[in-house]
Structure formats: C-alpha cells, structure tokens
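K.L.:
See input20.pdb below, with PDB, C-alpha atoms.
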```pdb
MODEL        1
ATOM      1  CA  MET A   1      17.505 -15.395  -4.082
ATOM      2  CA  GLU A   2      16.164 -13.454  -7.018
ATOM      3  CA  LEU A   3      12.731 -11.975  -6.474
ATOM      4  CA  ASP A   4      10.032 -10.941  -8.899
ATOM      5  CA  ARG A   5       7.749  -7.939  -8.627
ATOM      6  CA  ILE A   6       3.994  -7.626  -8.494
ATOM      7  CA  HIS A   7       2.723  -4.130  -9.281
ATOM      8  CA  ILE A   8      -0.513  -2.594  -8.045
ATOM      9  CA  LYS A   9      -0.872   0.625 -10.035
ATOM     10  CA  ASP A  10      -3.045   3.679  -9.536
ATOM     11  CA  LEU A  11      -5.408   2.272  -6.919
ATOM     12  CA  SER A  12      -7.706   5.222  -6.178
ATOM     13  CA  VAL A  13      -9.809   5.039  -3.012
ATOM     14  CA  PRO A  14     -11.777   7.772  -1.216
ATOM     15  CA  GLY A  15     -10.681   8.187   2.377
ATOM     16  CA  ILE A  16     -10.093  10.532   5.288
ATOM     17  CA  VAL A  17      -6.471  11.611   5.661
ATOM     18  CA  GLY A  18      -5.085  14.995   6.620
ATOM     19  CA  ILE A  19      -4.790  17.560   9.376
ATOM     20  CA  ASN A  20      -7.022  20.336   8.065
ATOM     21  CA  PRO A  21     -10.609  20.500   9.363
ATOM     22  CA  ASP A  22     -12.145  19.916   5.925
ATOM     23  CA  GLU A  23      -9.870  16.879   5.408
ATOM     24  CA  ARG A  24     -11.208  15.368   8.640
ATOM     25  CA  ILE A  25     -14.780  15.595   7.320
ATOM     26  CA  ASN A  26     -14.638  15.219   3.543
ATOM     27  CA  LYS A  27     -13.229  12.131   1.911
ATOM     28  CA  GLN A  28     -10.634  12.732  -0.757
ATOM     29  CA  ASP A  29      -9.070  10.427  -3.295
ATOM     30  CA  VAL A  30      -6.035   8.571  -2.032
ATOM     31  CA  LEU A  31      -3.821   7.171  -4.800
ATOM     32  CA  VAL A  32      -1.783   4.055  -4.026
ATOM     33  CA  ASN A  33       0.977   2.385  -6.002
ATOM     34  CA  ALA A  34       2.682  -0.696  -4.617
ATOM     35  CA  THR A  35       5.421  -3.044  -5.698
ATOM     36  CA  LEU A  36       5.612  -6.373  -3.882
ATOM     37  CA  TRP A  37       8.777  -8.454  -4.160
ATOM     38  CA  VAL A  38       7.988 -12.175  -4.195
ATOM     39  CA  ASP A  39       9.295 -15.421  -5.662
ATOM     40  CA  THR A  40       6.724 -16.262  -8.340
ATOM     41  CA  ARG A  41       8.504 -19.435  -9.521
ATOM     42  CA  PRO A  42       6.459 -21.913  -7.409
ATOM     43  CA  ALA A  43       3.203 -20.529  -8.864
ATOM     44  CA  ALA A  44       4.650 -20.474 -12.367
ATOM     45  CA  VAL A  45       5.549 -24.164 -12.111
ATOM     46  CA  SER A  46       2.324 -25.374 -10.459
ATOM     47  CA  ASP A  47      -0.117 -22.935 -12.110
ATOM     48  CA  ASP A  48      -1.979 -23.065  -8.770
ATOM     49  CA  ILE A  49      -3.289 -19.990  -6.934
ATOM     50  CA  ASP A  50      -2.307 -21.599  -3.617
ATOM     51  CA  ASP A  51       1.331 -21.147  -4.652
ATOM     52  CA  ALA A  52       0.901 -17.499  -5.635
ATOM     53  CA  ALA A  53       0.897 -14.241  -3.703
ATOM     54  CA  ASN A  54      -2.763 -13.286  -3.819
ATOM     55  CA  TYR A  55      -2.676  -9.662  -4.913
ATOM     56  CA  ARG A  56      -6.476  -9.505  -5.070
ATOM     57  CA  THR A  57      -6.740 -10.253  -1.338
ATOM     58  CA  ILE A  58      -4.051  -7.658  -0.601
ATOM     59  CA  THR A  59      -5.745  -5.019  -2.754
ATOM     60  CA  LYS A  60      -9.141  -5.592  -1.091
ATOM     61  CA  ALA A  61      -7.511  -5.161   2.342
ATOM     62  CA  LEU A  62      -5.774  -1.942   1.259
ATOM     63  CA  ILE A  63      -9.089  -0.546   0.010
ATOM     64  CA  ALA A  64     -10.911  -1.502   3.224
ATOM     65  CA  HIS A  65      -8.185   0.091   5.353
ATOM     66  CA  ILE A  66      -8.264   3.380   3.446
ATOM     67  CA  GLU A  67     -12.064   3.504   3.499
ATOM     68  CA  SER A  68     -12.318   2.825   7.246
ATOM     69  CA  GLY A  69      -9.202   4.511   8.645
ATOM     70  CA  GLU A  70      -8.809   8.174   9.467
ATOM     71  CA  PRO A  71      -5.083   8.867   9.927
ATOM     72  CA  MET A  72      -3.870  12.415  10.249
ATOM     73  CA  LEU A  73      -0.693  11.880   8.255
ATOM     74  CA  VAL A  74       0.142  10.216   4.945
ATOM     75  CA  GLU A  75       3.272   8.913   6.692
ATOM     76  CA  ARG A  76       1.111   6.807   8.976
ATOM     77  CA  LEU A  77      -1.186   5.579   6.221
ATOM     78  CA  VAL A  78       1.614   4.459   3.915
ATOM     79  CA  ALA A  79       3.322   2.561   6.766
ATOM     80  CA  GLU A  80       0.052   0.845   7.717
ATOM     81  CA  LEU A  81      -0.613  -0.188   4.120
ATOM     82  CA  ALA A  82       2.873  -1.667   3.728
ATOM     83  CA  GLU A  83       2.399  -3.670   6.923
ATOM     84  CA  ILE A  84      -0.913  -5.059   5.648
ATOM     85  CA  CYS A  85       0.938  -6.585   2.694
ATOM     86  CA  PHE A  86       3.255  -8.482   5.030
ATOM     87  CA  GLU A  87       0.472  -9.548   7.382
ATOM     88  CA  LEU A  88      -1.702 -10.986   4.623
ATOM     89  CA  GLU A  89       0.889 -12.598   2.404
ATOM     90  CA  PRO A  90       3.890 -14.484   3.807
ATOM     91  CA  ARG A  91       5.453 -14.696   0.324
ATOM     92  CA  VAL A  92       6.003 -10.918   0.222
ATOM     93  CA  ARG A  93       9.630 -10.191   1.135
ATOM     94  CA  LEU A  94       9.825  -6.453   0.375
ATOM     95  CA  VAL A  95       7.288  -3.687  -0.312
ATOM     96  CA  GLU A  96       7.681  -0.329  -1.988
ATOM     97  CA  MET A  97       4.531   1.681  -1.330
ATOM     98  CA  THR A  98       3.548   5.154  -2.527
ATOM     99  CA  VAL A  99       0.535   7.034  -1.182
ATOM    100  CA  GLU A 100      -0.480  10.301  -2.809
ATOM    101  CA  LYS A 101      -3.113  12.951  -2.217
ATOM    102  CA  PRO A 102      -3.999  14.330  -5.656
ATOM    103  CA  GLY A 103      -4.808  18.025  -5.613
ATOM    104  CA  ALA A 104      -3.623  18.542  -2.037
ATOM    105  CA  LEU A 105      -1.213  21.310  -3.046
ATOM    106  CA  ARG A 106      -1.948  24.273  -5.246
ATOM    107  CA  HIS A 107      -0.121  24.117  -8.554
ATOM    108  CA  ALA A 108       0.813  20.447  -8.038
ATOM    109  CA  ARG A 109      -1.012  17.474  -9.501
ATOM    110  CA  SER A 110      -0.273  15.439  -6.386
ATOM    111  CA  VAL A 111       1.824  15.108  -3.241
ATOM    112  CA  GLY A 112       2.875  11.810  -1.739
ATOM    113  CA  ILE A 113       5.311   9.633   0.115
ATOM    114  CA  THR A 114       7.136   6.496  -0.995
ATOM    115  CA  ILE A 115       8.545   4.021   1.521
ATOM    116  CA  THR A 116      10.427   0.753   1.161
ATOM    117  CA  ARG A 117      10.083  -1.906   3.852
ATOM    118  CA  THR A 118      11.425  -5.416   4.232
ATOM    119  CA  ARG A 119       9.701  -8.242   6.059
ATOM    120  CA  GLY A 120      10.562  -8.123   9.751
ATOM    121  CA  HIS A 121      11.083  -4.350   9.858
ATOM    122  CA  ARG A 122       8.772  -2.492  12.213
ATOM    123  CA  ASP A 123       8.195   1.235  11.743
ATOM    124  CA  SER A 124       8.289   1.786  15.510
ATOM    125  CA  GLU A 125      11.898   0.551  15.615
ATOM    126  CA  ASN A 126      14.743   3.040  15.198
TER
ENDMDL
END
```
What's the structure tokens form of this structure?
P.N.:
Amino acid sequence: MELDRIHIKDLSVPGIVGINPDERINKQDVLVNATLWVDTRPAAVSDDIDDAANYRTITKALIAHIESGEPMLVERLVAELAEICFELEPRVRLVEMTVEKPGALRHARSVGITITRTRGHRDSEN
C-alpha cells in the first residue's frame, strides 16, 4: 500500500533534557520535526476529520510530553515522542522523528537525533 506523509516542521518547545547540572534546572528549546506515514485517501474522499490522522492532537501531546518530561538523553525523548504518535493515532504506520537541541554544542547551530520507527516496533526490543 502506498502511504502519504504528514509533516510537522520546526516545533519548538521549552523542556528539560540533558545530563549537565544546568540542563537539569533550566529549560532549553527542543526542536522537533516529524514525518508521519499514513493513508490519507479515506479522508480525501470523505472530507471528514474522523477519517483523517489528527495531527493537531498528536502535536498537542508532543508539546505536553516535552514540557512535563525530564529525560536525561535525547535518545530517550525522541523514542518516547515517536511512540506517542502510534499510541494516539492508529492510522500512523511509520514515523520519522528528529529531536534537536539548538545551541547545545559550541560552533554548531544544533545537535540532534533522527529515528525511524514502524508500528509494532518497541525500542526495548533488540
């Protein structure tokens, strides 16, 4: 089956992430980019939100998770955010998620991690 892509671009949310003492106290901007693979044809035919992957609901959940969570590692945060997409929206078949910490490295605009996950994959599995 051919899948379409929904893009969430440059979502910037203040949150706690990092291992350094100041990162555990001071919120910093976390930049998220996500691509969600879904079949948009049912929504295109019906023109009904009930047939669409609700990217607004997903985005609100991503924001809430970043604002309330305090992971040590970006690796953990990006995996948690990808899983939220699957939990909230059964139409999502695959997620590519990038989480960046702008300004975290001297001389670099940003540092981040991109993962790709398919529905049914669990990060704790090897």
K.L.:
Can you work out the spacing between CA of Tyr55 in chain A and CA of Ile16 in chain A in Å, to one decimal?
P.N.:
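Answer for the CA of Tyr55 in chain A to CA of Ile16 in chain A separation: 23.8 Å.
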K.L.:
Between A:Val17, A:Leu31, A:Met1, A:Leu36, which is the closest to Arg76 in chain A once you count all atoms listed in the file?
P.N.:
A:Val17
K.L.:
Skipping near chain neighbours, those fewer than 4 positions away, what residues fall within 10 Å of Lys101 in chain A using only C-alpha atoms, listed as an NGL selection string?
P.N.:
:A and (12 or 17-18 or 28-32 or 74 or 105 or 109-113)
K.L.:
Compare A:Ile6, A:Ile58, A:Ala64, A:Val78 by their minimum atom-to-atom distance to Thr35 in chain A, counting only C-alpha atoms, and give me the closest one.
P.N.:
A:Ile6
K.L.:
Taking into account all atoms listed in the file, which residue in the set A:Asp39, A:Asp51, A:Asp22, A:Asp10 is nearest to Arg93 in chain A?
P.N.:
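Closest to Arg93 in chain A of all the choices is A:Asp39.
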K.L.:
For a cutoff of 7 Å around the file-coordinate point (8.3, 4.9, 0.8), which residues qualify once you count only C-alpha atoms? I'd like the result as a PDB file with C-alpha atoms, in the coordinates of the input.
P.N.:
```
ATOM      1  CA  GLU A  96       7.681  -0.329  -1.988  1.00  0.00           C
ATOM      2  CA  MET A  97       4.531   1.681  -1.330  1.00  0.00           C
ATOM      3  CA  THR A  98       3.548   5.154  -2.527  1.00  0.00           C
ATOM      4  CA  ILE A 113       5.311   9.633   0.115  1.00  0.00           C
ATOM      5  CA  THR A 114       7.136   6.496  -0.995  1.00  0.00           C
ATOM      6  CA  ILE A 115       8.545   4.021   1.521  1.00  0.00           C
ATOM      7  CA  THR A 116      10.427   0.753   1.161  1.00  0.00           C
TER       8      THR A 116
END
```
K.L.:
Excluding Arg117 in chain A and any residue of its chain fewer than 4 positions from it, enumerate the residues within 9 Å of it, using only C-alpha atoms, and give them as a list of chain:residue names.
P.N.:
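Once the adjacent positions are removed, what remains is A:Ala79, A:Ala82, A:Glu83, A:Arg93, A:Leu94, A:Val95, A:Glu96, A:Met97, A:His121, A:Arg122, A:Asp123.
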K.L.:
Between CA of Trp37 in chain A and CA of Asp4 in chain A, what is the distance in Å, rounded to a tenth?
P.N.:
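Between these atoms lies a distance of 5.5 Å.
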K.L.:
For Asn20 in chain A, which residue out of A:Pro90, A:Pro102, A:Gly120, A:Pro71 is the nearest one, using all atoms listed in the file?
P.N.:
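Closest residue, counting all atoms listed in the file: A:Pro71.
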K.L.:
Please list as a count of residues only every residue within 9 Å of Leu88 in chain A, counting all atoms listed in the file and excluding residues in the same chain fewer than 4 positions away.
P.N.:
7
K.L.:
Any idea what's packed within 9 Å of Arg91 in chain A, counting all atoms listed in the file, ignoring anything in its chain fewer than 4 positions away? Could you give it as a list in words?
P.N.:
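Everything that qualifies: Trp37, Val38, Asp39, Thr40, Ala52, Ala53 and Phe86 of chain A.
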K.L.:
Store the residues picked out above, limited to C-alpha atoms, as a PDB file, in the coordinates of the input.
P.N.:
```
ATOM      1  CA  TRP A  37       8.777  -8.454  -4.160  1.00  0.00           C
ATOM      2  CA  VAL A  38       7.988 -12.175  -4.195  1.00  0.00           C
ATOM      3  CA  ASP A  39       9.295 -15.421  -5.662  1.00  0.00           C
ATOM      4  CA  THR A  40       6.724 -16.262  -8.340  1.00  0.00           C
ATOM      5  CA  ALA A  52       0.901 -17.499  -5.635  1.00  0.00           C
ATOM      6  CA  ALA A  53       0.897 -14.241  -3.703  1.00  0.00           C
ATOM      7  CA  PHE A  86       3.255  -8.482   5.030  1.00  0.00           C
TER       8      PHE A  86
END
```
K.L.:
Could you work out an axis-aligned bounding box for all listed atoms of range 101-115 of chain A, with 6 Å added on each of the six sides, and give its centre and edge lengths in Å to one decimal, as JSON?
P.N.:
```
{"center_x": 1.9, "center_y": 14.1, "center_z": -4.0, "size_x": 25.4, "size_y": 32.3, "size_z": 23.0}
```
